[in-house]
Amino acid sequence: MSELPVATTSRRTTGTPAVLEARGVSKTFTTRRGAVTAVQTLDFSLDPTSAVGIIGESGSGKSTLSRMLVGFEAPSTGRVYFNGTDVQAMLRTPGGRREFRAAVQYVAQDTSSSFDPRRTLGDAVATPLRLLRGITGTAARERMAEVAAELRLNPDFYERRPAQVSGGQRQRFALARALVVRPRILLCDEVVSALDVSVQGAVLNLVKEYVEEHDIGLAFVSHGLPATAFIADELMIMRHGQVVERGRTGQVVTDPQAAYTRDLLDAYRATGA
Ligand SMILES: Nc1ncnc2c1ncn2[C@@H]1O[C@H](COP(=O)(O)OP(=O)(O)O)[C@@H](O)[C@H]1O
Ligand SMILES: [Mg+2]
């Protein structure tokens with residue numbers, strides 16, 4: 001049985017107001033085969049000093065919740081708020097959309113569709129800087145060099161196209177594209193799941209260090225318990241679109257309350273995954 005690595009630094013300053021908050025959100029999709037409720041009514045909140053891990057097996061509603069939190073999907077019921085303002089309302093005006101997108105950034109699993117294959121990685125990282133922050137020219141080049149250094153990326157790779165770098169490098173460029181605008185909240189949906197185990201740890205360390213140093217609230221979504229327990233100081237365990245347990249990471253892994261959480265921990269202890 002291997003020991004589960006648990007997040008050691010706790011940044012939380014009690015009373016830090018939530019920047020992103022979901023109240024009573026649910027999501028039901030209408031499909032040809034009927035209605036599918038991906039997320040049942042739940043609450044969620046995140047402030048810039050915390051890292052929350054959202055864990056659950058495939059199909060438990062993690063990505064649907066994530067997409068509602070970042071405004072890509074409108075909730076069927078309930079609302080998501082950014083600093084107290086309804087996100088769906090913000091997204092209806094260009095100014096509100098810019099403010100929200102600059103503050104709340106999303107990185108998903110590395111897929112062939114996450115970058116335009118015809119454009120360089122530099123173009124991809126420059127675009128949000130220009131559109132969301134109005135930064136171009138020398139200032140843009142300086143900020144892009146800075147974020148490359150922070151993420152330990154070779155800045156020469158900005159000249160390359162997405163297919164000309166490894167999956168691990170491309171995932172770091174996806175992080176660069178999200179972090180270049182200096183968001184307050186970063187939502188990562190399965191960002192290490194497609195990577196070789198050998199590079200997963202490096203990417204996790206990078207994300208953890210970055211959000212702690214820059215006071216960015218992190219929502220880290222994964223079906224993998226060890227990665228999530230390492231990076232998150234709070235865990236939320238989901239199953240069938242519902243929250244079955246949430247609490248401080250150390251508490252949840254040492255004294256799980258839900259039978260499902262105990263099963264996850266037993267599976268980890270049996271297999272190391
Ligand atoms: N756009 C959609 N249309 C219909 N069903 C969907 C859609 N997106 C997700 N679902 C369904 O919602 C459930 C939860 O999916 P998802 O949020 O992707 O879970 P997870 O990210 O935890 O794997 C699944 O049953 C999935 O098939
Ligand atoms: Mg998913």
# chains A, B, ... in the order shown; residues from 1 in each chain; ligands from 1
>>> closest_atom_pairs(of="chain A", to="ligand 2", cutoff="8 Å", atoms="only C-alpha atoms and all ligand atoms", output="CSV")
residue,atom,partner,partner_atom_place_in_ligand_line,distance
A:Ser58,CA,ligand 2,1 (Mg),6.4
A:Gly59,CA,ligand 2,1 (Mg),6.9
A:Gly61,CA,ligand 2,1 (Mg),7.0
A:Lys62,CA,ligand 2,1 (Mg),5.5
A:Ser63,CA,ligand 2,1 (Mg),4.1
A:Thr64,CA,ligand 2,1 (Mg),7.3
A:Asp189,CA,ligand 2,1 (Mg),6.7
A:Glu190,CA,ligand 2,1 (Mg),6.9
A:Val221,CA,ligand 2,1 (Mg),7.9
A:Ser222,CA,ligand 2,1 (Mg),7.6
>>> write_last_selection(atoms="N, CA and C atoms", output="compact mmCIF listing (two decimals), in the first residue's frame")
# COMPACT_ATOMS: atom_id res chain seq x y z
N SER A 58 -15.71 8.62 -14.62
CA SER A 58 -16.18 9.13 -15.89
C SER A 58 -17.71 9.15 -15.92
N GLY A 59 -18.28 10.26 -16.37
CA GLY A 59 -19.74 10.37 -16.45
C GLY A 59 -20.40 10.91 -15.20
N GLY A 61 -20.34 13.91 -14.08
CA GLY A 61 -20.81 15.29 -14.23
C GLY A 61 -19.76 16.35 -14.01
N LYS A 62 -18.50 15.95 -13.88
CA LYS A 62 -17.43 16.91 -13.59
C LYS A 62 -17.26 17.94 -14.70
N SER A 63 -17.22 17.47 -15.95
CA SER A 63 -17.01 18.41 -17.05
C SER A 63 -18.22 19.31 -17.25
N THR A 64 -19.39 18.76 -17.05
CA THR A 64 -20.60 19.59 -17.18
C THR A 64 -20.59 20.69 -16.12
N ASP A 189 -9.52 20.93 -16.32
CA ASP A 189 -10.35 19.72 -16.46
C ASP A 189 -9.51 18.60 -17.07
N GLU A 190 -9.09 17.68 -16.25
CA GLU A 190 -8.29 16.52 -16.68
C GLU A 190 -7.02 16.94 -17.43
N VAL A 221 -10.11 19.42 -11.78
CA VAL A 221 -11.06 18.35 -12.03
C VAL A 221 -10.32 17.14 -12.56
N SER A 222 -10.56 15.97 -11.95
CA SER A 222 -9.84 14.79 -12.41
C SER A 222 -10.55 13.52 -11.95
>>> residues_near_ligand(ligand="ligand 1", cutoff="10 Å", atoms="only C-alpha atoms and all ligand atoms", output="NGL selection string")
:A and (27-39 or 54-68 or 73 or 189-190 or 221-223 or 238-241)
>>> residues_around(residues="Ala140 of chain A", least_positions_apart="3", cutoff="9 Å", atoms="only C-alpha atoms", output="list in words")
Ala126, Leu129, Arg130, Ile135, Thr136, Gly137, Arg143, Met144 and Ala145 of chain A
>>> select_by_dssp(residues="segment 77-272 of chain A", states="helix (DSSP H, G or I)", output="PyMOL selection string")
chain A and resi 87-90+94-103+121-133+137-150+155-159+162-164+167-179+197-214+225-231+249-254+259-271
>>> atom_distance(atom1="atom CA of Val197 of chain A", atom2="atom CA of Val104 of chain A")
27.8 Å
>>> atom_distance(atom1="atom CA of Gly247 of chain A", atom2="atom CA of Ala102 of chain A")
28.8 Å
>>> select_by_dssp(residues="segment 89-126 of chain A", states="strand (DSSP E or B)", output="list in words")
Val104, Gln105, Tyr106, Val107 and Ala108 of chain A
>>> atom_distance(atom1="atom CA of Ala229 of chain A", atom2="atom CA of Phe82 of chain A")
26.0 Å
>>> closest_residue(among="A:Gly53, A:Glu142, A:Gly78, A:Val25", to="Glu245 of chain A", atoms="only C-alpha atoms")
A:Gly53
>>> closest_residue(among="A:Val180, A:Val192, A:Leu235, A:Ala270", to="His214 of chain A", atoms="only C-alpha atoms")
A:Val180
>>> residues_around(residues="segment 153-157 of chain A", least_positions_apart="2", cutoff="9 Å", atoms="only C-alpha atoms", output="list in words")
Thr120, Leu121, Gly122, Met144, Ala145, Val147, Ala148, Ala149, Glu150, Leu151, Glu159, Arg160, Arg161, Gln164, Val165, Gln169, Arg172, Phe173 and Ala176 of chain A
>>> residues_around(residues="Gly168 of chain A", least_positions_apart="6", cutoff="10 Å", atoms="only C-alpha atoms", output="list in words")
Asp110, Ala174, Val191, Val192, Ala194, Leu195, Asp196, Ser198, Val199, Gln200, Ala202 and Val203 of chain A
>>> write_last_selection(atoms="C-alpha atoms", output="mmCIF file, in the first residue's frame")
data_model
loop_
_atom_site.group_PDB
_atom_site.id
_atom_site.type_symbol
_atom_site.label_atom_id
_atom_site.label_comp_id
_atom_site.auth_asym_id
_atom_site.auth_seq_id
_atom_site.Cartn_x
_atom_site.Cartn_y
_atom_site.Cartn_z
ATOM 1 C CA ASP A 110 -4.904 18.044 -24.353
ATOM 2 C CA ALA A 174 -2.424 25.596 -23.066
ATOM 3 C CA VAL A 191 -5.155 18.469 -17.660
ATOM 4 C CA VAL A 192 -2.753 15.654 -16.874
ATOM 5 C CA ALA A 194 -3.698 12.401 -21.364
ATOM 6 C CA LEU A 195 -0.031 12.868 -20.442
ATOM 7 C CA ASP A 196 2.612 10.232 -19.840
ATOM 8 C CA SER A 198 6.534 10.583 -16.380
ATOM 9 C CA VAL A 199 5.492 14.182 -17.175
ATOM 10 C CA GLN A 200 2.311 14.349 -15.091
ATOM 11 C CA ALA A 202 6.087 18.045 -13.488
ATOM 12 C CA VAL A 203 2.909 19.629 -14.842
#
>>> residues_around(residues="segment 111-115 of chain A", least_positions_apart="2", cutoff="7 Å", atoms="only C-alpha atoms", output="list in words")
Gln109, Pro117 and Pro162 of chain A
>>> residues_around(residues="Pro5 of chain A", least_positions_apart="2", cutoff="10 Å", atoms="only C-alpha atoms", output="ChimeraX atom specification")
/A:2-3,7-8,225-231,250,253
>>> closest_residue(among="A:Glu21, A:Asp86, A:Asp263, A:Asp43", to="Arg246 of chain A", atoms="only C-alpha atoms")
A:Asp43
>>> decode(residues="segment 228-264 of chain A", atoms="N, CA and C atoms", output="PDB file, in the first residue's frame")
ATOM      1  N   THR A 228      -5.153  14.676  -7.664  1.00  0.00           N
ATOM      2  CA  THR A 228      -6.046  15.667  -7.087  1.00  0.00           C
ATOM      3  C   THR A 228      -5.718  15.909  -5.613  1.00  0.00           C
ATOM      4  N   ALA A 229      -5.458  14.832  -4.893  1.00  0.00           N
ATOM      5  CA  ALA A 229      -5.125  14.986  -3.473  1.00  0.00           C
ATOM      6  C   ALA A 229      -3.810  15.744  -3.305  1.00  0.00           C
ATOM      7  N   PHE A 230      -2.899  15.594  -4.273  1.00  0.00           N
ATOM      8  CA  PHE A 230      -1.616  16.281  -4.205  1.00  0.00           C
ATOM      9  C   PHE A 230      -1.795  17.792  -4.381  1.00  0.00           C
ATOM     10  N   ILE A 231      -2.708  18.175  -5.265  1.00  0.00           N
ATOM     11  CA  ILE A 231      -2.774  19.582  -5.660  1.00  0.00           C
ATOM     12  C   ILE A 231      -3.821  20.384  -4.887  1.00  0.00           C
ATOM     13  N   ALA A 232      -4.835  19.707  -4.369  1.00  0.00           N
ATOM     14  CA  ALA A 232      -5.993  20.432  -3.825  1.00  0.00           C
ATOM     15  C   ALA A 232      -6.038  20.407  -2.311  1.00  0.00           C
ATOM     16  N   ASP A 233      -6.345  21.557  -1.685  1.00  0.00           N
ATOM     17  CA  ASP A 233      -6.491  21.533  -0.225  1.00  0.00           C
ATOM     18  C   ASP A 233      -7.912  21.199   0.221  1.00  0.00           C
ATOM     19  N   GLU A 234      -8.846  21.203  -0.739  1.00  0.00           N
ATOM     20  CA  GLU A 234     -10.198  20.724  -0.433  1.00  0.00           C
ATOM     21  C   GLU A 234     -10.623  19.778  -1.535  1.00  0.00           C
ATOM     22  N   LEU A 235     -11.397  18.767  -1.176  1.00  0.00           N
ATOM     23  CA  LEU A 235     -11.880  17.826  -2.186  1.00  0.00           C
ATOM     24  C   LEU A 235     -13.404  17.821  -2.214  1.00  0.00           C
ATOM     25  N   MET A 236     -13.916  17.639  -3.421  1.00  0.00           N
ATOM     26  CA  MET A 236     -15.349  17.438  -3.602  1.00  0.00           C
ATOM     27  C   MET A 236     -15.482  16.169  -4.437  1.00  0.00           C
ATOM     28  N   ILE A 237     -16.133  15.169  -3.880  1.00  0.00           N
ATOM     29  CA  ILE A 237     -16.269  13.881  -4.570  1.00  0.00           C
ATOM     30  C   ILE A 237     -17.657  13.818  -5.200  1.00  0.00           C
ATOM     31  N   MET A 238     -17.673  13.547  -6.506  1.00  0.00           N
ATOM     32  CA  MET A 238     -18.955  13.500  -7.229  1.00  0.00           C
ATOM     33  C   MET A 238     -19.276  12.096  -7.710  1.00  0.00           C
ATOM     34  N   ARG A 239     -20.559  11.812  -7.712  1.00  0.00           N
ATOM     35  CA  ARG A 239     -21.029  10.556  -8.285  1.00  0.00           C
ATOM     36  C   ARG A 239     -22.444  10.771  -8.820  1.00  0.00           C
ATOM     37  N   HIS A 240     -22.687  10.322 -10.050  1.00  0.00           N
ATOM     38  CA  HIS A 240     -24.001  10.476 -10.690  1.00  0.00           C
ATOM     39  C   HIS A 240     -24.527  11.908 -10.574  1.00  0.00           C
ATOM     40  N   GLY A 241     -23.652  12.881 -10.792  1.00  0.00           N
ATOM     41  CA  GLY A 241     -24.094  14.279 -10.799  1.00  0.00           C
ATOM     42  C   GLY A 241     -24.344  14.884  -9.437  1.00  0.00           C
ATOM     43  N   GLN A 242     -24.011  14.133  -8.383  1.00  0.00           N
ATOM     44  CA  GLN A 242     -24.230  14.648  -7.033  1.00  0.00           C
ATOM     45  C   GLN A 242     -22.918  14.704  -6.269  1.00  0.00           C
ATOM     46  N   VAL A 243     -22.880  15.565  -5.259  1.00  0.00           N
ATOM     47  CA  VAL A 243     -21.715  15.613  -4.383  1.00  0.00           C
ATOM     48  C   VAL A 243     -21.935  14.593  -3.276  1.00  0.00           C
ATOM     49  N   VAL A 244     -21.027  13.618  -3.176  1.00  0.00           N
ATOM     50  CA  VAL A 244     -21.212  12.627  -2.108  1.00  0.00           C
ATOM     51  C   VAL A 244     -20.404  12.986  -0.859  1.00  0.00           C
ATOM     52  N   GLU A 245     -19.366  13.812  -1.055  1.00  0.00           N
ATOM     53  CA  GLU A 245     -18.565  14.199   0.110  1.00  0.00           C
ATOM     54  C   GLU A 245     -17.733  15.403  -0.249  1.00  0.00           C
ATOM     55  N   ARG A 246     -17.532  16.305   0.713  1.00  0.00           N
ATOM     56  CA  ARG A 246     -16.526  17.351   0.515  1.00  0.00           C
ATOM     57  C   ARG A 246     -15.899  17.743   1.836  1.00  0.00           C
ATOM     58  N   GLY A 247     -14.661  18.190   1.757  1.00  0.00           N
ATOM     59  CA  GLY A 247     -13.976  18.583   2.982  1.00  0.00           C
ATOM     60  C   GLY A 247     -12.509  18.839   2.698  1.00  0.00           C
ATOM     61  N   ARG A 248     -11.768  19.148   3.773  1.00  0.00           N
ATOM     62  CA  ARG A 248     -10.331  19.346   3.637  1.00  0.00           C
ATOM     63  C   ARG A 248      -9.707  18.037   3.135  1.00  0.00           C
ATOM     64  N   THR A 249      -8.705  18.152   2.284  1.00  0.00           N
ATOM     65  CA  THR A 249      -8.133  16.962   1.653  1.00  0.00           C
ATOM     66  C   THR A 249      -7.633  15.949   2.688  1.00  0.00           C
ATOM     67  N   GLY A 250      -6.876  16.436   3.666  1.00  0.00           N
ATOM     68  CA  GLY A 250      -6.321  15.539   4.679  1.00  0.00           C
ATOM     69  C   GLY A 250      -7.416  14.803   5.431  1.00  0.00           C
ATOM     70  N   GLN A 251      -8.477  15.538   5.735  1.00  0.00           N
ATOM     71  CA  GLN A 251      -9.623  14.968   6.448  1.00  0.00           C
ATOM     72  C   GLN A 251     -10.310  13.884   5.607  1.00  0.00           C
ATOM     73  N   VAL A 252     -10.549  14.221   4.328  1.00  0.00           N
ATOM     74  CA  VAL A 252     -11.284  13.286   3.461  1.00  0.00           C
ATOM     75  C   VAL A 252     -10.485  11.999   3.246  1.00  0.00           C
ATOM     76  N   VAL A 253      -9.171  12.122   3.066  1.00  0.00           N
ATOM     77  CA  VAL A 253      -8.425  10.887   2.789  1.00  0.00           C
ATOM     78  C   VAL A 253      -8.125  10.080   4.054  1.00  0.00           C
ATOM     79  N   THR A 254      -8.081  10.746   5.217  1.00  0.00           N
ATOM     80  CA  THR A 254      -7.802   9.966   6.422  1.00  0.00           C
ATOM     81  C   THR A 254      -9.089   9.471   7.089  1.00  0.00           C
ATOM     82  N   ASP A 255     -10.178  10.220   6.891  1.00  0.00           N
ATOM     83  CA  ASP A 255     -11.414   9.833   7.571  1.00  0.00           C
ATOM     84  C   ASP A 255     -12.610  10.028   6.632  1.00  0.00           C
ATOM     85  N   PRO A 256     -12.643   9.232   5.546  1.00  0.00           N
ATOM     86  CA  PRO A 256     -13.724   9.407   4.570  1.00  0.00           C
ATOM     87  C   PRO A 256     -15.078   9.078   5.188  1.00  0.00           C
ATOM     88  N   GLN A 257     -16.085   9.873   4.849  1.00  0.00           N
ATOM     89  CA  GLN A 257     -17.420   9.663   5.420  1.00  0.00           C
ATOM     90  C   GLN A 257     -18.310   8.841   4.492  1.00  0.00           C
ATOM     91  N   ALA A 258     -18.169   9.038   3.197  1.00  0.00           N
ATOM     92  CA  ALA A 258     -19.056   8.349   2.259  1.00  0.00           C
ATOM     93  C   ALA A 258     -18.470   6.988   1.863  1.00  0.00           C
ATOM     94  N   ALA A 259     -19.338   6.014   1.679  1.00  0.00           N
ATOM     95  CA  ALA A 259     -18.890   4.681   1.265  1.00  0.00           C
ATOM     96  C   ALA A 259     -18.155   4.780  -0.078  1.00  0.00           C
ATOM     97  N   TYR A 260     -18.648   5.653  -0.953  1.00  0.00           N
ATOM     98  CA  TYR A 260     -18.027   5.788  -2.269  1.00  0.00           C
ATOM     99  C   TYR A 260     -16.596   6.321  -2.157  1.00  0.00           C
ATOM    100  N   THR A 261     -16.362   7.257  -1.255  1.00  0.00           N
ATOM    101  CA  THR A 261     -15.007   7.774  -1.040  1.00  0.00           C
ATOM    102  C   THR A 261     -14.098   6.662  -0.513  1.00  0.00           C
ATOM    103  N   ARG A 262     -14.634   5.853   0.386  1.00  0.00           N
ATOM    104  CA  ARG A 262     -13.844   4.724   0.918  1.00  0.00           C
ATOM    105  C   ARG A 262     -13.476   3.759  -0.204  1.00  0.00           C
ATOM    106  N   ASP A 263     -14.422   3.531  -1.132  1.00  0.00           N
ATOM    107  CA  ASP A 263     -14.136   2.657  -2.280  1.00  0.00           C
ATOM    108  C   ASP A 263     -12.998   3.240  -3.130  1.00  0.00           C
ATOM    109  N   LEU A 264     -13.056   4.558  -3.356  1.00  0.00           N
ATOM    110  CA  LEU A 264     -12.008   5.201  -4.157  1.00  0.00           C
ATOM    111  C   LEU A 264     -10.647   5.031  -3.490  1.00  0.00           C
TER     112      LEU A 264
END
